[in-house]
>>> print(open('query01.txt').read())   # compact mmCIF, C-alpha atoms
# COMPACT_ATOMS: atom_id res chain seq x y z
CA MET A 1 67.27 189.36 67.91
CA SER A 2 69.85 191.15 70.01
CA THR A 3 73.15 191.97 68.34
CA ASP A 4 74.82 190.47 71.40
CA SER A 5 73.15 187.08 70.97
CA SER A 6 76.07 185.61 69.08
CA ARG A 7 78.54 186.26 71.88
CA ARG A 8 80.01 183.15 73.47
CA ILE A 9 79.21 182.53 77.10
CA GLN A 10 82.38 182.64 79.15
CA VAL A 11 82.70 179.81 81.65
CA PRO A 12 84.42 181.03 84.84
CA ASP A 13 87.69 179.30 85.68
CA GLU A 14 86.41 178.43 89.15
CA LEU A 15 83.41 176.61 87.65
CA LYS A 16 85.70 174.71 85.26
CA GLU A 17 87.90 173.62 88.16
CA VAL A 18 84.98 172.47 90.32
CA LEU A 19 83.39 170.50 87.49
CA LEU A 20 86.71 168.95 86.48
CA GLN A 21 87.43 167.82 90.01
CA PHE A 22 83.94 166.39 90.39
CA SER A 23 84.14 164.58 87.04
CA ILE A 24 87.51 163.04 87.87
CA SER A 25 86.30 161.90 91.28
CA TYR A 26 83.17 160.38 89.76
CA LEU A 27 84.99 158.56 86.96
CA VAL A 28 87.61 157.13 89.29
CA GLU A 29 85.26 156.03 92.07
CA GLN A 30 82.41 154.96 89.73
CA PRO A 31 79.67 155.13 92.39
CA PRO A 32 76.38 153.31 91.75
CA ASP A 33 74.24 156.46 91.90
CA LEU A 34 75.34 159.75 90.33
CA ILE A 35 72.90 162.01 92.19
CA ASP A 36 73.67 160.56 95.63
CA PHE A 37 77.39 160.83 94.90
CA ALA A 38 77.05 164.43 93.70
CA ALA A 39 75.02 165.47 96.73
CA ASP A 40 77.54 163.91 99.11
CA TYR A 41 80.51 165.32 97.18
CA PHE A 42 79.30 168.93 97.14
CA ASN A 43 78.04 168.83 100.73
CA LYS A 44 81.54 167.78 101.82
CA LEU A 45 83.07 170.39 99.55
CA GLN A 46 80.97 173.09 101.18
CA ALA A 47 81.62 171.83 104.72
CA ASN A 48 85.39 171.70 104.18
CA ARG A 49 86.00 175.04 102.51
CA PRO A 50 87.55 177.78 104.65
CA ALA A 51 85.59 180.68 106.05
CA THR A 52 85.28 183.72 103.79
CA GLY A 53 88.52 185.64 103.62
CA SER A 54 90.58 182.87 105.17
CA THR A 55 94.00 182.22 103.74
CA ASP A 56 94.59 179.04 105.73
CA ASN A 57 95.01 176.29 103.17
CA THR A 58 95.87 173.48 105.55
CA ALA A 59 92.68 172.80 107.50
CA ASP A 60 91.80 169.64 105.66
CA ASP A 61 95.08 168.69 104.00
CA ASN A 62 95.30 165.51 106.03
CA GLN A 63 92.22 164.30 104.19
CA SER A 64 94.24 164.25 100.95
CA VAL A 65 97.02 162.02 102.16
CA ASN A 66 95.75 158.80 103.69
CA SER A 67 93.34 157.66 100.98
CA GLN A 68 94.36 154.02 100.74
CA GLU A 69 90.83 152.89 101.60
CA GLY A 70 89.19 155.21 99.07
CA ASP A 71 87.34 157.31 101.69
CA ALA A 72 89.24 160.57 101.34
CA GLU A 73 87.22 163.77 101.41
CA PRO A 74 87.09 165.73 98.15
CA PRO A 75 89.55 168.60 98.35
CA ALA A 76 88.15 172.05 98.88
CA VAL A 77 88.38 174.50 95.99
CA GLN A 78 90.46 177.38 97.29
CA SER A 79 91.08 180.40 95.12
CA THR A 80 94.05 181.41 97.28
CA ARG A 81 96.05 178.35 96.27
CA ARG A 82 98.64 178.49 93.55
CA LYS A 83 97.53 176.59 90.49
CA SER A 84 99.76 173.75 89.34
CA VAL A 85 101.73 174.30 86.18
CA PHE A 86 100.69 170.75 85.30
CA ALA A 87 96.99 171.56 85.74
CA GLU A 88 95.89 171.16 82.15
CA ALA A 89 92.45 169.64 81.77
CA TYR A 90 92.41 166.16 80.29
CA ASP A 91 89.53 165.38 77.93
CA PRO A 92 89.26 161.59 77.40
CA GLU A 93 86.83 162.02 74.50
CA ALA A 94 89.21 164.26 72.58
CA ASP A 95 92.17 161.95 73.18
CA ASP A 96 92.28 159.40 70.37
CA ASP A 97 96.01 158.67 70.63
CA ASP A 98 96.05 155.10 71.89
CA ASP A 99 99.49 154.25 70.59
CA GLY A 100 101.70 156.91 72.10
CA ALA A 101 99.65 157.64 75.22
CA THR A 102 101.32 155.38 77.75
CA ALA A 103 104.94 155.18 78.82
CA VAL A 104 106.48 151.69 79.00
CA PHE A 105 109.31 150.76 81.36
CA PRO A 106 110.70 147.25 80.68
CA LYS A 107 110.82 144.95 83.70
CA THR A 108 112.25 141.57 84.53
CA ASP A 109 109.87 138.77 85.51
CA GLU A 110 111.03 139.21 89.11
CA GLN A 111 110.31 142.95 89.07
CA ARG A 112 106.88 142.45 87.50
CA ALA A 113 105.97 139.84 90.11
CA ARG A 114 106.96 142.23 92.90
CA LEU A 115 104.99 145.05 91.31
CA ILE A 116 101.87 142.90 90.94
CA GLU A 117 102.09 142.02 94.63
CA SER A 118 102.48 145.70 95.57
CA VAL A 119 99.46 146.97 93.59
CA LYS A 120 97.04 144.09 94.16
CA ASN A 121 95.13 145.98 96.88
CA VAL A 122 95.09 149.42 95.24
CA LEU A 123 91.42 150.37 95.04
CA LEU A 124 92.02 152.78 92.16
CA PHE A 125 93.02 149.86 89.93
CA ARG A 126 90.38 147.31 90.86
CA SER A 127 87.91 148.36 88.17
CA LEU A 128 90.51 148.08 85.38
CA GLU A 129 90.30 145.26 82.88
CA LYS A 130 93.25 142.98 82.25
CA GLU A 131 94.56 144.97 79.28
CA GLN A 132 94.33 148.23 81.20
CA MET A 133 95.99 146.69 84.24
CA ASN A 134 98.86 145.60 82.03
CA GLN A 135 99.20 149.22 80.89
CA VAL A 136 99.46 150.25 84.54
CA LEU A 137 102.18 147.67 85.20
CA ASP A 138 104.08 148.68 82.07
CA ALA A 139 103.92 152.39 82.96
CA MET A 140 105.23 152.12 86.52
CA PHE A 141 108.93 152.46 87.29
CA GLU A 142 111.13 151.70 90.30
CA ARG A 143 112.41 154.38 92.62
CA LYS A 144 114.87 153.35 95.34
CA VAL A 145 115.06 155.65 98.34
CA GLN A 146 117.45 156.24 101.23
CA PRO A 147 116.74 157.40 104.79
CA GLY A 148 115.96 161.13 104.79
CA ASP A 149 114.95 161.32 101.12
CA PHE A 150 111.96 163.57 100.44
CA ILE A 151 109.55 161.80 98.10
CA ILE A 152 107.09 164.68 97.81
CA ARG A 153 107.03 168.13 99.42
CA GLN A 154 103.98 170.05 100.54
CA GLY A 155 103.07 172.80 98.07
CA ASP A 156 104.98 171.32 95.11
CA ASP A 157 103.32 170.45 91.83
CA GLY A 158 102.23 166.85 91.54
CA ASP A 159 104.51 164.85 89.28
CA ASN A 160 104.20 161.16 90.23
CA PHE A 161 101.88 158.76 92.02
CA TYR A 162 103.57 156.20 94.30
CA VAL A 163 102.85 152.66 95.50
CA ILE A 164 105.01 151.38 98.36
CA GLU A 165 106.77 148.03 98.02
CA SER A 166 109.02 148.42 101.06
CA GLY A 167 110.23 150.97 103.54
CA ILE A 168 108.87 153.28 106.24
CA TYR A 169 107.65 156.75 105.27
CA LYS A 170 106.47 159.60 107.47
CA VAL A 171 103.83 162.12 106.41
CA TYR A 172 104.05 165.76 107.54
CA ILE A 173 101.70 168.71 107.17
CA ASN A 174 103.26 172.06 108.07
CA ASP A 175 106.17 170.13 109.61
CA LYS A 176 103.80 168.26 111.92
CA HIS A 177 103.97 164.45 111.74
CA ILE A 178 100.47 163.10 111.08
CA SER A 179 100.92 159.48 109.95
CA THR A 180 103.35 156.76 108.90
CA TYR A 181 103.35 154.21 106.08
CA THR A 182 105.06 150.92 106.94
CA HIS A 183 105.94 148.72 103.94
CA THR A 184 102.53 149.20 102.31
CA GLY A 185 100.22 151.91 101.02
CA LEU A 186 100.07 154.56 98.32
CA PHE A 187 100.33 158.32 98.19
CA GLY A 188 100.49 161.23 95.79
CA GLU A 189 97.31 160.38 93.88
CA LEU A 190 95.09 163.28 94.90
CA ALA A 191 97.36 166.06 93.67
CA LEU A 192 97.34 164.31 90.28
CA LEU A 193 93.60 163.71 90.20
CA TYR A 194 92.47 167.09 91.43
CA ASN A 195 95.01 169.45 89.82
CA MET A 196 96.21 170.73 93.18
CA PRO A 197 99.63 171.20 94.81
CA ARG A 198 100.92 168.52 97.14
CA ALA A 199 98.91 168.55 100.38
CA ALA A 200 101.68 167.08 102.52
CA THR A 201 105.33 166.11 102.68
CA VAL A 202 106.39 162.45 102.59
CA GLN A 203 109.90 161.55 103.77
CA ALA A 204 111.62 158.15 103.86
CA GLU A 205 112.66 156.93 107.30
CA THR A 206 114.45 153.82 106.03
CA VAL A 207 115.84 152.34 102.86
CA GLY A 208 112.87 151.53 100.66
CA LEU A 209 111.50 150.87 97.21
CA LEU A 210 108.61 152.64 95.52
CA TRP A 211 106.76 152.09 92.27
CA ALA A 212 105.90 155.36 90.52
CA MET A 213 103.76 156.50 87.61
CA ASP A 214 103.88 159.94 86.00
CA ARG A 215 100.98 162.35 86.18
CA GLN A 216 99.82 162.25 82.56
CA THR A 217 99.91 158.47 82.29
CA PHE A 218 98.16 158.08 85.65
CA ARG A 219 95.27 160.32 84.66
CA ARG A 220 95.07 159.04 81.11
CA ILE A 221 94.81 155.37 82.08
CA LEU A 222 92.22 155.92 84.82
CA LEU A 223 90.07 158.52 83.11
CA LYS A 224 90.24 157.16 79.60
CA SER A 225 89.50 153.60 80.70
CA ALA A 226 86.46 154.78 82.68
CA PHE A 227 85.27 156.90 79.74
CA LYS A 228 85.73 154.13 77.16
CA LYS A 229 83.97 151.63 79.42
CA ARG A 230 80.92 153.87 79.71
CA LYS A 231 80.76 154.59 75.96
CA MET A 232 81.08 150.90 75.12
CA TYR A 233 78.33 149.88 77.52
CA GLU A 234 76.03 152.71 76.42
CA GLU A 235 76.27 151.43 72.85
CA LEU A 236 75.54 147.90 74.04
CA LEU A 237 72.55 148.99 76.12
CA ASN A 238 71.15 151.05 73.25
CA SER A 239 70.84 147.80 71.28
CA VAL A 240 68.68 146.10 73.96
CA PRO A 241 64.96 146.63 73.14
CA MET A 242 63.90 146.18 76.77
CA LEU A 243 65.98 149.19 77.79
CA LYS A 244 64.48 151.65 75.32
CA ALA A 245 62.28 152.92 78.17
CA LEU A 246 65.32 154.08 80.14
CA GLN A 247 66.15 157.76 80.34
CA ASN A 248 69.69 158.77 79.36
CA TYR A 249 70.59 159.29 83.02
CA GLU A 250 69.31 155.81 83.92
CA ARG A 251 71.18 154.26 81.02
CA MET A 252 74.42 155.95 82.13
CA ASN A 253 73.86 154.68 85.68
CA LEU A 254 73.36 151.19 84.30
CA ALA A 255 76.49 151.44 82.15
CA ASP A 256 78.55 152.47 85.18
CA ALA A 257 77.22 149.54 87.22
CA LEU A 258 78.19 146.87 84.67
CA VAL A 259 81.26 144.69 85.12
CA THR A 260 82.94 142.85 82.24
CA LYS A 261 83.32 139.07 82.54
CA THR A 262 84.97 136.77 80.00
CA TYR A 263 84.32 133.05 79.43
CA GLU A 264 85.99 130.54 77.12
CA ASP A 265 84.28 128.06 74.81
CA GLY A 266 82.39 125.41 76.83
CA GLU A 267 82.72 127.22 80.16
CA ARG A 268 79.57 127.33 82.28
CA ILE A 269 78.35 130.83 83.13
CA ILE A 270 75.35 130.02 85.34
CA LYS A 271 74.11 126.70 86.68
CA GLN A 272 70.51 125.51 86.82
CA GLY A 273 69.26 125.45 90.40
CA ASP A 274 71.73 128.02 91.75
CA ALA A 275 70.56 131.21 93.46
CA ALA A 276 70.58 134.30 91.24
CA ASP A 277 73.34 136.83 91.83
CA GLY A 278 72.70 139.04 88.79
CA MET A 279 71.93 139.18 85.08
CA TYR A 280 74.11 139.30 81.97
CA PHE A 281 74.22 141.29 78.72
CA ILE A 282 76.16 139.76 75.82
CA GLU A 283 78.90 142.02 74.48
CA GLU A 284 80.57 139.51 72.15
CA GLY A 285 80.04 135.87 71.24
CA THR A 286 77.23 133.36 71.64
CA VAL A 287 75.86 131.45 74.62
CA SER A 288 73.86 128.21 74.81
CA VAL A 289 70.90 127.97 77.21
CA ARG A 290 70.36 124.40 78.40
CA MET A 291 67.99 122.59 80.76
CA ASP A 292 68.40 119.34 82.65
CA GLN A 293 66.44 116.54 81.02
CA ASP A 294 66.70 113.10 82.63
CA ASP A 295 70.45 112.47 82.89
CA SER A 296 71.54 115.02 80.30
CA GLU A 297 71.14 118.64 79.25
CA ILE A 298 69.08 119.78 76.27
CA GLU A 299 69.71 123.07 74.50
CA ILE A 300 66.62 125.26 74.38
CA SER A 301 68.06 128.36 72.74
CA GLN A 302 71.14 130.29 71.70
CA LEU A 303 71.67 133.98 72.41
CA GLY A 304 74.03 136.47 70.78
CA LYS A 305 75.32 140.03 70.99
CA GLY A 306 72.85 142.53 72.43
CA GLN A 307 70.71 139.86 74.10
CA TYR A 308 70.56 139.17 77.82
CA PHE A 309 69.85 136.36 80.25
CA GLY A 310 69.58 135.61 83.95
CA GLU A 311 66.92 138.21 84.62
CA LEU A 312 64.05 135.81 85.32
CA ALA A 313 65.53 134.42 88.50
CA LEU A 314 65.90 137.98 89.72
CA VAL A 315 62.29 138.84 88.91
CA THR A 316 60.75 135.65 90.32
CA HIS A 317 63.23 135.20 93.21
CA ARG A 318 63.53 131.55 92.26
CA PRO A 319 66.63 129.44 91.55
CA ARG A 320 68.12 129.53 88.06
CA ALA A 321 65.76 127.79 85.62
CA ALA A 322 68.51 126.77 83.20
CA SER A 323 72.25 126.60 82.73
CA VAL A 324 74.12 128.84 80.31
CA TYR A 325 77.41 127.99 78.55
CA ALA A 326 79.82 129.94 76.36
CA THR A 327 79.92 128.53 72.83
CA GLY A 328 81.91 129.08 69.65
CA GLY A 329 84.92 130.78 71.21
CA THR A 330 85.49 133.52 73.76
CA VAL A 331 82.36 135.18 75.14
CA LYS A 332 82.42 138.64 76.68
CA LEU A 333 79.57 139.57 79.02
CA ALA A 334 78.50 142.64 80.99
CA PHE A 335 77.34 141.57 84.45
CA LEU A 336 74.79 143.49 86.55
CA ASP A 337 74.60 142.36 90.18
CA THR A 338 71.34 141.93 92.11
CA ASP A 339 71.52 145.18 94.07
CA ALA A 340 72.16 147.29 90.98
CA PHE A 341 69.41 145.42 89.10
CA GLU A 342 66.81 146.24 91.75
CA ARG A 343 67.94 149.85 92.03
CA ILE A 344 68.14 150.64 88.32
CA LEU A 345 65.83 148.17 86.56
CA GLY A 346 63.25 147.53 89.26
CA PHE A 347 60.61 149.54 87.42
CA LEU A 348 61.04 147.25 84.38
CA THR A 349 59.89 144.21 86.36
CA ASP A 350 56.55 144.07 84.52
CA VAL A 351 58.34 144.06 81.16
CA LEU A 352 60.64 141.28 82.31
CA LYS A 353 57.75 139.22 83.66
CA ARG A 354 56.29 139.03 80.16
CA ASN A 355 59.32 136.96 79.22
CA ILE A 356 58.36 134.39 81.83
CA LEU A 357 55.36 133.34 79.73
CA MET A 358 57.58 133.04 76.66
CA TYR A 359 60.09 130.86 78.51
CA GLU A 360 57.35 128.70 80.04
CA GLN A 361 55.86 128.10 76.59
CA MET A 362 59.33 127.21 75.31
CA PHE A 363 59.88 124.73 78.15
CA THR A 364 56.44 123.18 77.63
CA GLU A 365 57.05 122.74 73.91
CA MET A 366 60.44 121.18 74.59
CA ALA A 367 58.92 118.71 77.04
CA ARG A 368 56.19 117.82 74.51
CA ARG A 369 58.76 117.14 71.80
CA ASN A 370 60.79 114.93 74.11
CA THR A 371 57.70 112.96 75.13
CA ASN A 372 56.91 112.21 71.46
CA LEU A 373 60.42 110.90 70.71
>>> encode(input="query01.txt", output="structure tokens")
Amino acid sequence: MSTDSSRRIQVPDELKEVLLQFSISYLVEQPPDLIDFAADYFNKLQANRPATGSTDNTADDNQSVNSQEGDAEPPAVQSTRRKSVFAEAYDPEADDDDDGATAVFPKTDEQRARLIESVKNVLLFRSLEKEQMNQVLDAMFERKVQPGDFIIRQGDDGDNFYVIESGIYKVYINDKHISTYTHTGLFGELALLYNMPRAATVQAETVGLLWAMDRQTFRRILLKSAFKKRKMYEELLNSVPMLKALQNYERMNLADALVTKTYEDGERIIKQGDAADGMYFIEEGTVSVRMDQDDSEIEISQLGKGQYFGELALVTHRPRAASVYATGGTVKLAFLDTDAFERILGFLTDVLKRNILMYEQMFTEMARRNTNL
């Protein structure tokens, strides 16, 4: 064995930066397919980077500003740019400080109502659960602005992310006006996500009000919530026997596609006869599976944590064969929609079809018992 074999491999800073940016973009956007997303991301990265030897850092800056609809290009990695002093890497797995992680700014009921209205269409927040959304609301603070105030300046380090409640704001790149926000929108997020200096200047044209969140809290809430969601769902999926055939990559794709839904005791989750829109995995609680029998419903089974339901209608392309209700308290489910089911679990159709025979035997036995009553 070589005497040099024990040396640690040094990871280049440029590689760290590229992988960090890609990971942040993936965790925030949570695309349905990792490989397709990666291919698209790096193709755009290559297309947008400057020619060799170029020191022009502004060619695609306008792509970093107007990202309200979530379609912004990934920023090019440019070695000529000054690194942000705030550009420390954030590792959600290493961060176990849940108590002191998030700043809290007290608000009146009126302020909170205005904030909720301002952020309701922010795509970055749509995947957050209720508890996480409350953290976002708690962590945001008001900033009142006057005409002529500079909110952010091109080239500065990213400090805050802003959501507009009111006011008109003009966006400049190299002193050239490129766009205007009028009483709605958001800005400042990409410098925080991608560890890059501000790509543009934003200046208030009128009196206005902004809601802001600091860099560390912004990244911690978004990245840590995405990370914890994936880990939680991976543990759930590992407990489902049907999914043992999945590769790790497929299981991660499935975890990213799941959406949490909560139901209270007695609430109906799916209705017999309805068209199938997806299947469910049980995270917490118990559900009752019931079928229509004459003028009433008869329970045919109960399912608990780690079990799943709703898949048969997807496999057979028939209406729901039974209704399912939450029982015994709050039930937490992970929902997989039809498109994601066909993309990720399509190859398991044969396994799922075996369950059809089991259910048919169950239904037949139930009917026989009822006939003998």
>>> residues_around(input="query01.txt", residues="Gly273 (chain A)", least_positions_apart="2", cutoff="8 Å", atoms="only C-alpha atoms", output="PDB file with C-alpha atoms, in the coordinates of the input")
ATOM      1  CA  LYS A 271      74.110 126.700  86.680  1.00  0.00           C
ATOM      2  CA  ALA A 275      70.560 131.210  93.460  1.00  0.00           C
ATOM      3  CA  PRO A 319      66.630 129.440  91.550  1.00  0.00           C
ATOM      4  CA  ARG A 320      68.120 129.530  88.060  1.00  0.00           C
ATOM      5  CA  ALA A 321      65.760 127.790  85.620  1.00  0.00           C
ATOM      6  CA  ALA A 322      68.510 126.770  83.200  1.00  0.00           C
TER       7      ALA A 322
END
>>> closest_residue(input="query01.txt", among="A:Tyr280, A:Phe161, A:Tyr263, A:Phe341", to="Phe218 (chain A)", atoms="all atoms listed in the file")
A:Phe161
>>> closest_residue(input="query01.txt", among="A:Val202, A:Glu142, A:Ile221, A:Met291", to="Lys176 (chain A)", atoms="only C-alpha atoms")
A:Val202
>>> closest_residue(input="query01.txt", among="A:Ala191, A:Ile168, A:Leu209, A:Ala276", to="Gln111 (chain A)", atoms="all atoms listed in the file")
A:Leu209
>>> closest_residue(input="query01.txt", among="A:Ala39, A:Ala257, A:Leu246, A:Ala204", to="Arg153 (chain A)", atoms="only C-alpha atoms")
A:Ala204
>>> closest_residue(input="query01.txt", among="A:Ala200, A:Leu192, A:Val136, A:Ala103", to="Lys170 (chain A)", atoms="only C-alpha atoms")
A:Ala200
>>> residues_around(input="query01.txt", residues="Ala139 (chain A)", least_positions_apart="2", cutoff="8 Å", atoms="all atoms listed in the file", output="list in words")
Thr102, Ala103, Val104, Phe105, Gln135, Val136, Leu137, Phe141, Met213 and Thr217 of chain A
>>> atom_distance(input="query01.txt", atom1="CA of Glu165 (chain A)", atom2="CA of Leu128 (chain A)")
20.6 Å
>>> residues_around(input="query01.txt", residues="Val145 (chain A)", least_positions_apart="5", cutoff="12 Å", atoms="only C-alpha atoms", output="ChimeraX atom specification")
/A:150-151,164-169,202-211
>>> residues_around(input="query01.txt", residues="Asp33 (chain A)", least_positions_apart="4", cutoff="9 Å", atoms="only C-alpha atoms", output="ChimeraX atom specification")
/A:37-38,253,256-257
>>> residues_around(input="query01.txt", residues="Asp265 (chain A)", least_positions_apart="4", cutoff="8 Å", atoms="all atoms listed in the file", output="ChimeraX atom specification")
/A:325-331
>>> atom_distance(input="query01.txt", atom1="CA of Glu311 (chain A)", atom2="CA of Met279 (chain A)")
5.1 Å
